[in-house]
$ cat coords.txt   # compact mmCIF, C-alpha atoms
# COMPACT_ATOMS: atom_id res chain seq x y z
CA MET A 153 87.11 -5.72 213.94
CA GLY A 154 90.20 -7.88 214.15
CA MET A 155 88.58 -11.27 213.47
CA THR A 156 88.35 -13.21 210.23
CA ALA A 157 85.07 -14.58 208.93
CA ALA A 158 86.18 -18.07 209.93
CA GLU A 159 86.99 -16.90 213.45
CA LEU A 160 83.66 -15.14 213.75
CA LYS A 161 81.87 -18.25 212.57
CA GLU A 162 83.75 -20.35 215.10
CA ARG A 163 82.96 -17.87 217.88
CA PHE A 164 79.30 -17.10 217.10
CA GLY A 165 78.03 -19.78 214.72
CA ASP A 166 75.11 -21.94 215.80
CA THR A 167 74.73 -20.24 219.19
CA VAL A 168 71.16 -19.07 219.83
CA PHE A 169 71.28 -15.38 220.75
CA ASP A 170 67.61 -14.45 220.60
CA SER A 171 64.23 -16.08 221.08
CA VAL A 172 60.79 -14.57 220.60
CA GLU A 173 57.24 -15.92 220.73
CA VAL A 174 54.59 -14.86 218.26
CA GLU A 175 51.07 -15.92 217.44
CA ALA A 176 50.18 -16.64 213.82
CA ARG A 177 46.62 -15.32 213.78
CA GLY A 178 44.33 -16.34 210.94
CA GLU A 179 43.40 -12.74 210.08
CA ASP A 180 47.09 -11.81 209.82
CA MET A 181 47.68 -14.77 207.51
CA VAL A 182 44.84 -13.67 205.21
CA GLU A 183 46.01 -10.06 205.21
CA PHE A 184 49.58 -11.13 204.40
CA ALA A 185 48.44 -13.48 201.64
CA LEU A 186 46.29 -10.82 199.99
CA ALA A 187 49.10 -8.27 200.22
CA CYS A 188 51.31 -10.74 198.37
CA GLY A 189 48.75 -11.17 195.62
CA GLU A 190 47.76 -14.70 196.60
CA THR A 191 44.51 -15.90 195.07
CA ASP A 192 44.45 -19.52 196.24
CA PRO A 193 41.61 -19.79 198.81
CA CYS A 194 43.68 -22.10 201.01
CA PHE A 195 45.69 -18.93 201.81
CA THR A 196 43.00 -16.25 201.56
CA ASP A 197 39.86 -17.89 202.96
CA SER A 198 40.02 -18.76 206.65
CA SER A 199 37.06 -21.12 206.25
CA HIS A 200 38.91 -23.22 203.68
CA PRO A 201 39.45 -26.79 204.99
CA ASP A 202 43.21 -26.55 204.25
CA PHE A 203 43.64 -22.93 205.35
CA GLN A 204 47.28 -22.15 206.11
CA ALA A 205 49.80 -19.34 205.95
CA PRO A 206 51.39 -18.58 202.57
CA ALA A 207 54.89 -19.93 202.10
CA ASN A 208 56.67 -16.66 202.87
CA PHE A 209 54.56 -15.76 205.92
CA ALA A 210 57.28 -16.33 208.53
CA THR A 211 59.45 -13.66 206.90
CA LYS A 212 57.17 -11.01 208.43
CA TYR A 213 58.53 -11.70 211.89
CA HIS A 214 61.75 -10.40 213.35
CA GLY A 215 63.43 -10.95 216.67
CA ALA A 216 64.66 -8.51 219.27
CA ARG A 217 68.25 -8.64 218.07
CA MET A 218 69.84 -8.62 214.64
CA LEU A 219 73.19 -9.94 215.90
CA PRO A 220 74.57 -11.34 219.18
CA SER A 221 75.03 -8.66 221.86
CA ASP A 222 78.78 -9.25 221.97
CA PHE A 223 79.25 -9.29 218.19
CA PRO A 224 82.10 -6.95 217.16
CA LYS A 225 80.94 -3.43 216.40
CA PHE A 226 81.05 -2.03 212.87
CA ASP A 227 79.80 0.99 210.97
CA PRO A 228 76.12 0.22 210.19
CA ALA A 229 76.39 2.40 207.08
CA ARG A 230 78.44 -0.41 205.53
CA MET A 231 75.64 -2.93 205.97
CA ILE A 232 73.14 -3.79 203.26
CA ASP A 233 70.16 -6.14 203.32
CA ALA A 234 70.68 -9.03 200.91
CA GLY A 235 67.18 -10.43 201.33
CA LYS A 236 65.54 -13.42 202.92
CA ALA A 237 65.13 -17.04 201.92
CA ILE A 238 62.62 -19.38 203.49
CA GLU A 239 62.70 -23.14 203.87
CA ILE A 240 59.29 -24.61 204.67
CA HIS A 241 59.04 -27.73 206.79
CA ALA A 242 55.34 -27.84 207.77
CA PRO A 243 52.27 -25.66 207.16
CA ILE A 244 51.58 -22.89 209.65
CA ARG A 245 47.93 -23.13 210.73
CA PRO A 246 45.86 -20.27 212.20
CA ASP A 247 46.29 -19.32 215.84
CA THR A 248 49.53 -21.26 216.22
CA LYS A 249 51.94 -20.02 218.86
CA LEU A 250 55.37 -19.97 217.27
CA THR A 251 58.76 -19.74 218.90
CA ALA A 252 61.46 -18.19 216.74
CA LYS A 253 65.06 -18.76 217.79
CA SER A 254 67.88 -16.86 216.10
CA HIS A 255 71.45 -17.87 215.46
CA LEU A 256 74.16 -17.00 212.95
CA HIS A 257 73.93 -19.89 210.55
CA ASP A 258 76.84 -18.88 208.36
CA ILE A 259 79.48 -16.20 207.99
CA TYR A 260 81.52 -16.09 204.81
CA GLU A 261 83.49 -13.76 202.58
CA LYS A 262 83.33 -13.15 198.85
CA THR A 263 84.49 -10.56 196.38
CA GLY A 264 82.37 -8.66 193.91
CA ARG A 265 82.62 -5.65 191.61
CA SER A 266 82.57 -3.36 194.65
CA GLY A 267 85.28 -5.30 196.45
CA LEU A 268 85.30 -7.44 199.58
CA MET A 269 82.02 -8.39 201.25
CA VAL A 270 81.26 -10.40 204.36
CA PHE A 271 77.93 -12.20 204.44
CA LEU A 272 76.19 -12.78 207.77
CA VAL A 273 73.36 -15.31 207.58
CA HIS A 274 70.90 -14.76 210.42
CA ARG A 275 68.66 -17.84 210.70
CA MET A 276 65.33 -17.79 212.54
CA GLU A 277 64.05 -21.26 213.33
CA PHE A 278 60.28 -21.39 213.79
CA THR A 279 58.70 -24.18 215.87
CA ASP A 280 55.19 -24.63 217.27
CA GLU A 281 54.05 -25.54 220.78
CA SER A 282 54.79 -29.23 220.20
CA ASP A 283 58.28 -28.30 219.01
CA GLU A 284 57.48 -29.22 215.41
CA LEU A 285 59.79 -27.39 213.00
CA LYS A 286 57.75 -25.12 210.76
CA ALA A 287 60.28 -23.06 208.83
CA TYR A 288 63.74 -21.60 208.59
CA VAL A 289 64.07 -17.98 207.52
CA ASP A 290 67.59 -17.04 206.44
CA TRP A 291 68.24 -13.31 206.40
CA ARG A 292 71.45 -12.35 204.62
CA LEU A 293 73.27 -9.20 205.62
CA ILE A 294 76.26 -7.90 203.70
CA LEU A 295 79.09 -5.97 205.29
CA ARG A 296 80.76 -4.04 202.48
CA GLY A 297 84.49 -3.69 202.84
CA GLY A 298 84.83 -6.72 205.03
CA LEU A 299 85.65 -7.00 208.70
CA GLN A 300 87.84 -3.92 209.15
CA MET B 144 90.46 -17.58 168.32
CA ARG B 145 88.41 -14.64 167.05
CA GLY B 146 87.80 -15.17 163.37
CA ALA B 147 89.17 -18.70 163.35
CA GLU B 148 87.41 -21.42 161.40
CA VAL B 149 85.98 -23.85 163.91
CA SER B 150 83.57 -26.41 162.57
CA ALA B 151 81.41 -27.16 165.56
CA LEU B 152 81.03 -30.62 166.93
CA VAL B 153 80.15 -29.60 170.47
CA ILE B 154 78.95 -26.35 172.01
CA LEU B 155 79.31 -26.09 175.78
CA ASP B 156 78.37 -23.29 178.17
CA LEU B 157 81.40 -23.34 180.47
CA HIS B 158 80.34 -21.08 183.36
CA ASN B 159 77.12 -21.50 185.37
CA HIS B 160 75.86 -21.63 188.95
CA SER B 161 73.08 -23.65 190.53
CA ILE B 162 71.44 -23.35 193.93
CA LYS B 163 74.59 -24.99 195.31
CA SER B 164 76.13 -21.51 195.09
CA ASP B 165 75.04 -18.98 197.70
CA ASP B 166 73.77 -16.61 195.02
CA GLY B 167 72.51 -19.22 192.56
CA ARG B 168 68.74 -19.37 192.11
CA ALA B 169 68.45 -22.10 189.47
CA LYS B 170 68.05 -25.83 189.92
CA VAL B 171 70.03 -27.92 187.47
CA GLU B 172 66.87 -29.69 186.35
CA ASN B 173 65.35 -26.33 185.49
CA TYR B 174 68.40 -25.41 183.38
CA CYS B 175 67.86 -28.64 181.44
CA GLN B 176 64.16 -27.96 181.01
CA TRP B 177 64.88 -24.42 179.78
CA ILE B 178 67.48 -25.56 177.26
CA SER B 179 65.18 -28.26 176.00
CA LYS B 180 61.99 -26.19 175.85
CA LYS B 181 63.60 -23.10 174.34
CA GLY B 182 65.77 -25.04 171.94
CA ILE B 183 68.94 -23.33 173.20
CA GLY B 184 71.78 -24.37 170.94
CA VAL B 185 74.12 -25.90 173.48
CA ASP B 186 75.05 -29.55 173.91
CA GLY B 187 75.87 -29.18 177.58
CA PHE B 188 77.04 -26.95 180.36
CA VAL B 189 79.48 -26.82 183.24
CA LEU B 190 78.48 -26.00 186.82
CA THR B 191 81.17 -23.82 188.37
CA GLU B 192 79.91 -23.29 191.90
CA HIS B 193 81.44 -20.44 193.91
CA ARG B 194 84.33 -21.36 196.22
CA GLN B 195 83.58 -25.07 196.26
CA PHE B 196 83.50 -28.24 194.24
CA ASP B 197 80.19 -30.07 194.39
CA ALA B 198 81.41 -33.65 194.53
CA GLU B 199 78.18 -35.15 195.79
CA SER B 200 75.58 -34.25 193.18
CA ASP B 201 74.94 -36.86 190.51
CA TYR B 202 73.37 -35.38 187.39
CA ARG B 203 73.57 -38.50 185.23
CA PRO B 204 69.79 -39.09 185.38
CA LEU B 205 69.25 -35.55 184.05
CA GLU B 206 71.85 -36.11 181.34
CA ASP B 207 69.98 -39.23 180.26
CA GLU B 208 66.56 -37.61 180.42
CA PHE B 209 67.46 -34.47 178.48
CA GLY B 210 70.39 -35.63 176.38
CA ILE B 211 72.53 -32.79 177.74
CA LEU B 212 76.11 -33.11 178.98
CA ILE B 213 76.44 -31.78 182.55
CA LEU B 214 79.95 -31.32 183.92
CA LYS B 215 81.22 -29.92 187.21
CA GLY B 216 84.04 -27.46 187.88
CA SER B 217 84.47 -24.57 190.28
CA GLU B 218 84.96 -20.80 190.48
CA VAL B 219 87.54 -19.73 193.05
CA GLU B 220 88.58 -16.26 194.19
CA THR B 221 92.17 -15.08 193.85
CA ASP B 222 94.27 -11.96 194.21
CA TYR B 223 93.79 -11.47 190.44
CA GLY B 224 90.02 -11.97 190.49
CA HIS B 225 87.85 -15.00 189.94
CA VAL B 226 89.17 -18.11 188.22
CA LEU B 227 87.29 -21.06 186.74
CA VAL B 228 88.77 -24.44 187.53
CA PHE B 229 88.18 -27.43 185.27
CA GLY B 230 89.28 -30.97 186.07
CA VAL B 231 88.89 -30.81 189.85
CA ASN B 232 90.07 -33.95 191.65
CA ASP B 233 90.93 -34.99 195.20
CA GLU B 234 94.58 -34.03 194.87
CA MET B 235 93.66 -30.55 193.68
CA GLN B 236 91.26 -30.05 196.59
CA THR B 237 94.10 -30.63 199.03
CA ALA B 238 96.48 -28.37 197.08
CA PHE B 239 94.58 -25.19 198.03
CA ASP B 240 91.48 -24.19 199.96
CA PHE B 241 88.64 -23.58 197.50
CA THR B 242 86.63 -21.70 200.14
CA ARG B 243 89.27 -19.02 200.72
CA ILE B 244 89.13 -15.65 199.03
CA GLY B 245 92.38 -13.96 198.07
CA LEU B 246 94.13 -17.14 196.95
CA SER B 247 97.32 -16.57 195.01
CA ALA B 248 96.35 -16.69 191.33
CA GLU B 249 99.79 -17.92 190.42
CA LEU B 250 99.49 -20.77 192.92
CA VAL B 251 96.01 -21.70 191.67
CA VAL B 252 97.10 -21.76 188.03
CA ARG B 253 100.21 -23.78 188.86
CA GLU B 254 98.54 -26.29 191.19
CA VAL B 255 95.53 -26.84 188.96
CA LYS B 256 97.87 -27.65 186.09
CA ARG B 257 100.03 -29.91 188.26
CA CYS B 258 96.92 -31.83 189.31
CA GLY B 259 95.83 -32.34 185.71
CA GLY B 260 93.29 -29.56 185.29
CA ILE B 261 93.21 -26.13 183.73
CA ALA B 262 92.53 -22.76 185.37
CA VAL B 263 90.76 -20.04 183.39
CA PRO B 264 90.46 -16.48 184.76
CA CYS B 265 86.86 -15.42 184.20
CA HIS B 266 85.19 -12.09 183.44
CA PRO B 267 88.66 -10.49 183.28
CA GLY B 268 87.26 -7.13 182.19
CA ARG B 269 85.28 -6.57 185.37
CA THR B 270 86.64 -4.34 188.12
CA GLN B 271 87.93 -6.01 191.28
CA VAL B 272 86.89 -9.56 190.33
CA GLY B 273 88.50 -9.57 186.89
CA MET B 274 92.13 -10.08 185.99
CA LEU B 275 92.69 -7.10 183.68
CA ALA B 276 93.09 -4.31 186.23
CA HIS B 277 95.36 -6.49 188.34
CA VAL B 278 97.52 -7.30 185.31
CA ARG B 279 97.87 -3.60 184.56
CA GLU B 280 98.92 -2.95 188.13
CA ARG B 281 101.13 -5.96 188.86
CA GLY B 282 101.85 -7.70 185.58
CA ALA B 283 100.60 -10.94 184.07
CA VAL B 284 100.14 -14.21 185.93
CA ASP B 285 102.56 -16.93 184.92
CA GLY B 286 100.99 -20.00 183.40
CA VAL B 287 97.70 -18.54 182.19
CA GLU B 288 96.85 -19.86 178.74
CA VAL B 289 93.10 -19.35 178.50
CA ILE B 290 90.75 -16.62 179.74
CA GLU B 291 87.00 -16.13 179.51
CA THR B 292 86.61 -13.58 176.73
CA LEU B 293 82.82 -13.79 176.56
CA ASN B 294 80.90 -13.70 179.84
CA GLY B 295 77.11 -13.50 179.95
CA GLY B 296 77.10 -11.34 183.07
CA SER B 297 79.66 -8.81 181.92
CA ARG B 298 78.97 -5.53 180.17
CA GLY B 299 79.82 -5.24 176.50
CA SER B 300 82.83 -3.06 177.16
CA GLU B 301 84.09 -5.53 179.77
CA ASN B 302 83.97 -8.35 177.25
CA ASP B 303 85.70 -6.10 174.71
CA ASP B 304 88.46 -5.46 177.24
CA ALA B 305 88.73 -9.21 177.90
CA GLN B 306 89.12 -9.85 174.18
CA SER B 307 91.81 -7.17 173.94
CA LEU B 308 93.65 -8.73 176.85
CA ALA B 309 93.52 -12.12 175.14
CA GLU B 310 94.95 -10.65 171.97
CA GLU B 311 97.68 -8.77 173.83
CA PHE B 312 98.91 -11.86 175.67
CA SER B 313 97.93 -14.49 173.07
CA TYR B 314 95.50 -16.12 175.46
CA ARG B 315 92.88 -18.44 174.02
CA GLY B 316 89.28 -17.45 174.77
CA ILE B 317 86.25 -19.30 176.07
CA GLY B 318 82.64 -18.27 176.59
CA GLY B 319 80.30 -18.89 179.49
CA SER B 320 76.95 -17.48 180.53
CA ASP B 321 77.72 -17.07 184.24
CA ALA B 322 74.06 -17.93 184.73
CA HIS B 323 72.59 -17.68 188.21
CA ILE B 324 68.97 -17.85 187.08
CA VAL B 325 67.37 -20.26 184.64
CA SER B 326 66.77 -17.93 181.70
CA HIS B 327 70.40 -16.86 181.54
CA ILE B 328 71.87 -20.22 180.59
CA GLY B 329 73.16 -20.52 177.05
CA ARG B 330 73.78 -16.80 176.52
CA CYS B 331 77.47 -17.37 175.90
CA SER B 332 79.24 -20.61 175.14
CA THR B 333 82.30 -22.23 173.67
CA ARG B 334 82.28 -24.00 170.32
CA PHE B 335 84.67 -26.94 169.98
CA ASP B 336 85.62 -28.76 166.81
CA GLN B 337 86.03 -32.04 168.63
CA ASP B 338 83.74 -34.31 170.56
CA ILE B 339 83.72 -33.95 174.35
CA GLU B 340 82.08 -36.54 176.57
CA ASP B 341 83.44 -35.81 180.03
CA MET B 342 85.58 -33.45 182.10
CA ASP B 343 88.82 -35.12 181.05
CA GLY B 344 87.84 -34.52 177.46
CA LEU B 345 87.01 -30.89 178.18
CA VAL B 346 90.37 -30.26 179.88
CA GLU B 347 92.17 -31.94 176.98
CA ALA B 348 90.24 -29.84 174.49
CA LEU B 349 90.97 -26.61 176.37
CA ARG B 350 94.69 -27.34 176.07
CA THR B 351 94.34 -27.16 172.31
CA SER B 352 93.34 -24.11 170.30
CA ARG B 353 90.44 -25.77 168.54
CA TYR B 354 87.61 -23.73 170.06
CA GLU B 355 86.13 -20.26 170.18
CA ALA B 356 83.83 -18.22 172.36
CA VAL B 357 80.40 -17.70 170.84
CA ARG B 358 77.04 -16.18 171.59
CA VAL B 359 74.26 -18.69 171.22
CA SER B 360 70.68 -18.01 170.26
CA SER B 361 67.72 -20.35 170.37
$ encode --input "coords.txt" --output "structure tokens"
Amino acid sequence: MGMTAAELKERFGDTVFDSVEVEARGEDMVEFALACGETDPCFTDSSHPDFQAPANFATKYHGARMLPSDFPKFDPARMIDAGKAIEIHAPIRPDTKLTAKSHLHDIYEKTGRSGLMVFLVHRMEFTDESDELKAYVDWRLILRGGLQ
Amino acid sequence: MRGAEVSALVILDLHNHSIKSDDGRAKVENYCQWISKKGIGVDGFVLTEHRQFDAESDYRPLEDEFGILILKGSEVETDYGHVLVFGVNDEMQTAFDFTRIGLSAELVVREVKRCGGIAVPCHPGRTQVGMLAHVRERGAVDGVEVIETLNGGSRGSENDDAQSLAEEFSYRGIGGSDAHIVSHIGRCSTRFDQDIEDMDGLVEALRTSRYEAVRVSS
């Protein structure tokens, strides 16, 4: 690929490359909560006075792009999913229209038993119609073998 | 130090990661709670965050609340695998870039010592990230005096290989859990026969031979 992790971060970091709009419907929130094994009625009962989405709800959404359109090409067989982390800022209430903007929040290298790895941290930032920040979802992708 | 007589004054777990590391899932407070609740036999632990030194966090309130010594070091990545760094100071942080992978191990060992600290190659028996295979291929690193012979995240055979390496080169050995989650802290530690109250004391103690790597049970 010809660029170091630091150069990629400088080139692509913090630039929004995707934006999608989704609606957090109450029935979807209940279905998601039940699928996760939630039992607290504030997540499973839409008539509950404090009804809201479970903490990990925003992880169900994905954008139209995984990486910027001009991101250097690599063999997708070298990529593995390293999971998602969520940072909650405000409860997501039913029937909220959310905007999710994606950017590469971090790009870094590390070494493990299998050798060199490059971590790409795809951050989706969820806001509501009044632009209130609801959550960050950080999706880590590992490129095994580095940026060759 | 295998088999040596060390009458314990202090037992410290010298290798752990908190949520400050990208792959750490444990809060420092939760480590303290776990040690306290489970009666883990350690007097303190060192946070060795990956590729960084966490200068900003102040754990003194937790030390006071739980009566546990909490020290801060780092784990950097070199051409001979990962290396624990104890005694980090401002001068050392300008001597080399902690965030870089593929640092020269020889440079790290030399600069850490020049700046008053001590560098300890960790989990040397592991492939890629341990020193052993690199030593076999390219020879030993000048200046290494201590290696981690007991690592909580390594396989038994990898720790055996680390111990053999220590014996072959007369390295002293330390133990650390390499905990990334709460329940892993205190699996492996280092038993000192002298009191240690701060990082300066730890570095001074590591320059002696009055310690040994141990497994700790609650």
$ residues_around --input "coords.txt" --residues "A:Arg296" --least-positions-apart "4" --cutoff "9 Å" --atoms "all atoms listed in the file" --output "NGL selection string"
:A and (230-232 or 266-271)
$ residues_around --input "coords.txt" --residues "B:Leu250" --least-positions-apart "4" --cutoff "10 Å" --atoms "only C-alpha atoms" --output "JSON, numbers by chain"
{"B": [221, 238, 239, 246, 254, 255, 256, 284, 285, 286]}
$ interface_residues --input "coords.txt" --of "chain A" --to "chain B" --cutoff "12 Å" --atoms "all atoms listed in the file" --output "list in words"
Thr156, Ala157, Ala158, Ala234, Gly235, Lys236, Ala237, Asp258, Ile259, Tyr260, Glu261, Lys262, Thr263, Gly264, Arg265, Ser266, Gly267, Leu268, Met269, Val270, Phe271, Leu272, Val273, Asp290, Arg292 and Gly298 of chain A
$ atom_distance --input "coords.txt" --atom1 "atom CA of B:Val346" --atom2 "atom CA of B:Asp186"
16.5 Å
$ closest_residue --input "coords.txt" --among "A:Val289, A:Leu256, A:Leu250, A:Met276" --to "A:Asp166" --atoms "all atoms listed in the file"
A:Leu256
$ residues_around --input "coords.txt" --residues "stretch 206-216 of chain A" --least-positions-apart "3" --cutoff "7 Å" --atoms "only C-alpha atoms" --output "ChimeraX atom specification"
/A:170-172,184-185,195,238,240,289
$ residues_around --input "coords.txt" --residues "A:Glu183" --least-positions-apart "3" --cutoff "12 Å" --atoms "all atoms listed in the file" --output "PyMOL selection string"
chain A and resi 176-180+186-191+195-198+205-206+209+212
$ residues_around --input "coords.txt" --residues "B:Gly268" --least-positions-apart "5" --cutoff "12 Å" --atoms "only C-alpha atoms" --output "ChimeraX atom specification"
/A:265 /B:223-225,273-279,290-294,296-309
$ closest_residue --input "coords.txt" --among "A:His257, A:Phe226, A:Gln204, A:Val168" --to "A:Lys286" --atoms "all atoms listed in the file"
A:Gln204
$ atom_distance --input "coords.txt" --atom1 "atom CA of B:Glu199" --atom2 "atom CA of B:Thr333"
25.9 Å
$ atom_distance --input "coords.txt" --atom1 "atom CA of B:Met235" --atom2 "atom CA of B:Gln195"
11.8 Å
$ closest_atom_pairs --input "coords.txt" --of "stretch 188-266 of chain B" --to "stretch 151-157 of chain B" --cutoff "8 Å" --atoms "only C-alpha atoms" --output "Markdown table"
| residue | atom | partner | partner_atom | distance |
| --- | --- | --- | --- | --- |
| B:Phe188 | CA | B:Asp156 | CA | 4.5 |
| B:Val189 | CA | B:Leu157 | CA | 4.8 |
| B:Leu190 | CA | B:Leu157 | CA | 7.5 |
| B:Thr191 | CA | B:Leu157 | CA | 7.9 |
$ closest_residue --input "coords.txt" --among "B:Gly210, B:Pro267, B:Gly318, B:Pro204" --to "B:Tyr354" --atoms "all atoms listed in the file"
B:Gly318
